[in-house]
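Note sheet for the following structure.
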There are 2 protein chains.
Amino acid sequence: MTTGAITTGNWGEFDLIARLFRPLAAGTPGALELKDDAALLTVPPGQELVATSDALVAGIHFLSDDPPDLIAKKSLRVNLSDLAAKGARPAFYLLSAILPRGTSREWLQRFANGLAEDQAAFGIGLVGGDTTTTDGPLTLSITALGFVPTGRMVRRSGARPGDAIFVTGTIGDGALGLLVSRGGLAALGSASRAHLRSRYRLPEPHVAFGSHISSFAHAAIDVSDGLVADLDHVLAASDVGGRLELGRVPLSPPAQDALASGAARLEDLVTGGDDYEILFTSPPEAWAAIRAAAGGLPVTEIGTVIAGQGLAIAAPDGTPITLARTGFRHF
Amino acid sequence: MTTGAITTGNWGEFDLIARLFRPLAAGTPGALELKDDAALLTVPPGQELVATSDALVAGIHFLSDDPPDLIAKKSLRVNLSDLAAKGARPAFYLLSAILPRGTSREWLQRFANGLAEDQAAFGIGLVGGDTTTTDGPLTLSITALGFVPTGRMVRRSGARPGDAIFVTGTIGDGALGLLVSRGGLAALGSASRAHLRSRYRLPEPHVAFGSHISSFAHAAIDVSDGLVADLDHVLAASDVGGRLELGRVPLSPPAQDALASGAARLEDLVTGGDDYEILFTSPPEAWAAIRAAAGGLPVTEIGTVIAGQGLAIAAPDGTPITLARTGFRHF
């Protein structure tokens, strides 16, 4: 722990650790009750460790007045989504919580409660981290570690010509939910707006499905930069091309309504970020295995991997189209 | 990676990764060239993984106008110091870089150069992370992972009555260096001021020494919260008491001059943070092994572990004293 002067909510750093974070480490042996300088992690024989970090900043990745338990869960879930897309089973995480001065005890307790709920839901334990204060926005950086059988991590680079391209869940709700959070899409019904907003605030990492994908997926990625951009990442890493049929991209009823009303364009949905679905390629004949692994989770075939390079996109009417932007490429 | 809108120095997030961070991942196989969602880490047979995270915020842990290569190195080194104090050999790290908008390309390149130099110096490789922008101060969160032979991590909790208490290097330079950085200690000579300032800006993690300590240390901690506070941590975790002889605490010549001139008090030096020395307890007869492991690094015996509880502190003249504060306890 570095020595940032913590006076948050009149709790010192040691109080924060003892009251809020130590309970989150209970039952995870390597956490050493957060009483040491470091965690001690044992990787089971025959397993490798998959490691990912995501940083979330108030005003960019969530809204500063979002409920603290949802902020906590989103911070953890975006990391769990990465683990799931790699075929890894969640194990440990470390949390750096950089808190605005004056953050209240109530806020912190609700934040910790959110983490506790998701730890139980997804089978991951806090093993370490750091807390400090900032004059800037709330910033959360989580490193999540998961186990994968040796040699079985699903990479971006394994897509092969002839694979079908699949995606879980629905696409575009995250981007639309951000619009709703900012007061947009007022013409939609309140239940539709609530659904979209919830999808933005609280992504659903497909951890259970992810634990099966190494048995049928040649390549996978979690959709965080936008469907088209993330599919581009997979194709480029695999040195193959692809065809995406926009008409097959799965959309939720609220997203369909937003399209029909003209309040959003399909292009926005497939280039928006924050979906946290799993995009993967598999031989088409794996379909039965995919369906069995998915249980109640919808999985949709949206395209094909082909030899060559680049992504050909077909509009719902079959005509080839070019998108003005492919996702949050940040240029 | 989360989708923060990066426009730093006119580089997008993908440019940042490709131009600055990918070269730092070269040669570390599990990094997958930072081209996947996650790193794939293999732990050698007979080894466990030690994991630690530290977050550093401009204005708190470093000054925002400090040279970018030194900021980079300090961010990495405070983590390396934790690994060293646990007897772990550095292996991998993940970096979350939360950058103020408008951070220049030159600044970023110098920052990456600093990381590259320390990676080479300490034998650690970048395997992942995240970048985003912020309206707040520069914030860096690093998770470092190291290897330790199974069962050999040196914990805080192993101190035994009869152990001698040892510390590497010198104590108090970090706290004095912060004073110098803020314009204090003007009466000291310029070389002394430069030495202290450098100690604050660029701690020296004792990675080589740390790789040996599991053979003689019963307990260890890196001195980041202050010598007295960190010794308290070890004694409390070990359920033992201790005696600290302030007159034996090793001080650099500039720190001795600061004391002699009245510009600082010994109390400030043993309660100041940012020393990043290794405090450990060992049987007194381990002294030869300690000296052999230390090479040119000074190691000083400063006290004794005793049965019971609490820390008795003896002033240089032998009289027992009570400190008004024990370190950065943040209350």
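Identifiers in the structure tokens: chain A, B, ... in order shown; residue index from 1 per chain; ligand index from 1 in order shown.
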
Give the strand (DSSP E) residues of region 52-266 of chain B, as assigned by DSSP on the backbone, as a VMD selection string.
chain B and resid 52 to 57 89 to 100 125 to 134 139 to 149 164 to 168 219 to 222 241 to 245

List the spatial neighbours of Ala88 (chain A) as a ChimeraX atom specification - criterion: any atom at most 8 Å away, only C-alpha atoms, same-chain residues fewer than 6 positions off excluded.
/A:50,146-148,153,210-211

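For Ala51 (chain B), the non-local neighbours within 8 Å, defined as residues at least 5 positions apart in the same chain or in other chains and counting only C-alpha atoms, are Ala38, Ala39, Leu40, Leu41 and Gly128 of chain A; Leu83, Thr143, Ala144, Leu145 and Gly146 of chain B.
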
Please list as a ChimeraX atom specification every residue within 8 Å of region 213-229 of chain B, counting only C-alpha atoms and excluding residues in the same chain fewer than 6 positions away.
/A:1-3,37 /B:81-82,84-87,152-160,171,269-283,286,289-290,293,326-329

With N, CA and C atoms retained, write the just-selected residues as a CSV table (one decimal), in the first residue's frame.
```
chain,number,residue,atom,x,y,z
A,1,MET,N,0.8,-1.2,0.0
A,1,MET,CA,0.0,0.0,0.0
A,1,MET,C,0.9,1.3,0.0
A,2,THR,N,0.6,2.2,-0.9
A,2,THR,CA,1.3,3.4,-0.9
A,2,THR,C,0.7,4.4,0.2
A,3,THR,N,1.4,5.4,0.5
A,3,THR,CA,0.9,6.3,1.6
A,3,THR,C,0.1,7.5,1.2
A,37,ASP,N,1.7,-7.6,2.8
A,37,ASP,CA,2.0,-6.7,1.7
A,37,ASP,C,1.5,-7.2,0.4
B,81,SER,N,9.2,-3.3,-4.6
B,81,SER,CA,9.6,-3.3,-3.2
B,81,SER,C,8.8,-4.2,-2.4
B,82,ASP,N,7.5,-4.2,-2.7
B,82,ASP,CA,6.6,-5.2,-2.0
B,82,ASP,C,7.0,-6.6,-2.3
B,84,ALA,N,9.9,-7.7,-3.3
B,84,ALA,CA,11.2,-8.0,-2.7
B,84,ALA,C,11.0,-8.4,-1.2
B,85,ALA,N,10.2,-7.6,-0.5
B,85,ALA,CA,10.0,-7.9,1.0
B,85,ALA,C,9.3,-9.2,1.2
B,86,LYS,N,8.7,-9.8,0.2
B,86,LYS,CA,8.0,-11.1,0.4
B,86,LYS,C,8.9,-12.2,-0.1
B,87,GLY,N,10.1,-11.9,-0.5
B,87,GLY,CA,11.0,-12.9,-1.0
B,87,GLY,C,10.7,-13.4,-2.4
B,152,ARG,N,7.5,-20.6,0.6
B,152,ARG,CA,8.6,-19.8,1.0
B,152,ARG,C,8.3,-18.3,1.1
B,153,MET,N,7.1,-17.8,0.8
B,153,MET,CA,6.9,-16.4,0.9
B,153,MET,C,7.1,-15.9,2.3
B,154,VAL,N,7.8,-14.8,2.5
B,154,VAL,CA,8.1,-14.3,3.8
B,154,VAL,C,6.9,-13.4,4.2
B,155,ARG,N,6.3,-13.8,5.3
B,155,ARG,CA,5.1,-13.0,5.7
B,155,ARG,C,5.4,-12.0,6.8
B,156,ARG,N,4.4,-11.2,7.0
B,156,ARG,CA,4.6,-10.3,8.2
B,156,ARG,C,4.5,-11.1,9.5
B,157,SER,N,3.9,-12.2,9.5
B,157,SER,CA,3.4,-12.8,10.7
B,157,SER,C,4.4,-13.9,11.3
B,158,GLY,N,5.7,-13.9,10.8
B,158,GLY,CA,6.5,-15.0,11.3
B,158,GLY,C,7.6,-14.6,12.4
B,159,ALA,N,7.5,-13.4,12.9
B,159,ALA,CA,8.5,-12.9,13.8
B,159,ALA,C,8.4,-13.7,15.1
B,160,ARG,N,9.6,-14.1,15.7
B,160,ARG,CA,9.6,-14.9,16.9
B,160,ARG,C,10.4,-14.2,18.0
B,171,ILE,N,17.0,5.2,6.7
B,171,ILE,CA,15.6,5.5,7.0
B,171,ILE,C,15.4,7.0,7.0
B,269,LEU,N,11.7,11.1,11.0
B,269,LEU,CA,12.4,10.2,10.1
B,269,LEU,C,11.8,8.8,10.3
B,270,VAL,N,11.6,8.4,11.5
B,270,VAL,CA,11.2,7.0,11.8
B,270,VAL,C,9.7,6.8,11.6
B,271,THR,N,9.0,7.9,11.4
B,271,THR,CA,7.5,7.8,11.2
B,271,THR,C,7.1,8.3,9.8
B,272,GLY,N,8.1,8.8,9.0
B,272,GLY,CA,7.8,9.2,7.7
B,272,GLY,C,7.7,8.0,6.8
B,273,GLY,N,7.1,8.2,5.6
B,273,GLY,CA,6.9,7.1,4.7
B,273,GLY,C,7.9,7.1,3.6
B,274,ASP,N,7.6,6.3,2.6
B,274,ASP,CA,8.4,6.3,1.3
B,274,ASP,C,9.8,5.9,1.5
B,275,ASP,N,10.2,5.1,2.5
B,275,ASP,CA,11.6,4.6,2.5
B,275,ASP,C,11.8,3.5,1.5
B,276,TYR,N,10.9,2.5,1.4
B,276,TYR,CA,11.0,1.4,0.5
B,276,TYR,C,12.3,0.6,0.8
B,277,GLU,N,12.6,0.5,2.1
B,277,GLU,CA,13.7,-0.4,2.6
B,277,GLU,C,12.9,-1.7,3.1
B,278,ILE,N,13.7,-2.7,3.3
B,278,ILE,CA,13.1,-4.0,3.8
B,278,ILE,C,13.4,-4.1,5.3
B,279,LEU,N,12.4,-4.2,6.0
B,279,LEU,CA,12.5,-4.5,7.5
B,279,LEU,C,12.2,-5.9,7.7
B,280,PHE,N,13.1,-6.6,8.4
B,280,PHE,CA,12.9,-8.1,8.6
B,280,PHE,C,13.4,-8.5,10.0
B,281,THR,N,12.9,-9.7,10.4
B,281,THR,CA,13.4,-10.2,11.6
B,281,THR,C,14.1,-11.6,11.3
B,282,SER,N,15.2,-11.9,12.0
B,282,SER,CA,15.9,-13.1,11.8
B,282,SER,C,16.6,-13.5,13.1
B,283,PRO,N,16.9,-14.8,13.3
B,283,PRO,CA,17.7,-15.1,14.4
B,283,PRO,C,19.1,-14.4,14.3
B,286,ALA,N,21.9,-15.5,12.1
B,286,ALA,CA,21.8,-15.5,10.7
B,286,ALA,C,22.7,-14.4,10.1
B,289,ALA,N,24.9,-15.0,7.0
B,289,ALA,CA,24.1,-15.3,5.8
B,289,ALA,C,23.5,-14.0,5.3
B,290,ILE,N,23.0,-13.1,6.2
B,290,ILE,CA,22.5,-11.9,5.8
B,290,ILE,C,23.5,-11.0,5.1
B,293,ALA,N,24.2,-12.2,1.6
B,293,ALA,CA,23.1,-12.0,0.7
B,293,ALA,C,23.1,-10.5,0.3
B,326,THR,N,2.8,7.3,14.8
B,326,THR,CA,3.6,6.2,14.4
B,326,THR,C,3.8,6.0,12.9
B,327,GLY,N,3.3,6.9,12.2
B,327,GLY,CA,3.5,6.8,10.7
B,327,GLY,C,2.2,7.3,10.0
B,328,PHE,N,2.2,7.1,8.8
B,328,PHE,CA,1.1,7.5,8.0
B,328,PHE,C,-0.1,6.6,8.2
B,329,ARG,N,-0.7,6.8,9.4
B,329,ARG,CA,-1.9,5.9,9.8
B,329,ARG,C,-3.1,6.6,9.2
```

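Across A:Ser238, A:Thr52, A:Thr103, A:Ser192, the tightest approach to Leu80 (chain A) is made by A:Thr52 when counting only C-alpha atoms.
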
Got a sec: who's within 10 Å of Leu202 (chain A), counting only C-alpha atoms, leaving out chain neighbours fewer than 6 positions off, as a VMD selection string?
chain A and resid 62 69 to 75 77 to 78 174 196 274 276

Excluding Pro284 (chain B) and its own-chain neighbours fewer than 6 positions away, which residues fall within 9 Å of it when counting only C-alpha atoms? Please give them as a VMD selection string.
chain B and resid 162 to 165 301

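We find CA of Thr131 (chain A) and CA of Thr139 (chain B) to be spaced 12.1 Å apart.
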
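Atom to atom, CA of Ala263 (chain A) and CA of Asp173 (chain A) stand 13.2 Å apart.
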
12 Å contact set for region 246-250 of chain B, only C-alpha atoms, chain neighbours under 3 positions out, as an NGL selection string:
:B and (165-173 or 227-228 or 243 or 253-256 or 265-271 or 275 or 277 or 279 or 298-304 or 311-323)

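Counting only C-alpha atoms, the residue from A:Gly12, A:Gly189, A:Pro149, A:Gly114 that sits nearest to chain B is A:Gly12.
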
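Restricting the calculation to only C-alpha atoms, the smallest distance between chain B and any of A:Asp15, A:Glu285, A:Asp230, A:Asp130 is found for A:Asp130.
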
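Using only C-alpha atoms, the nearest neighbour of chain A within the list B:Pro90, B:Gly136, B:Pro68, B:Gly125 is B:Gly136.
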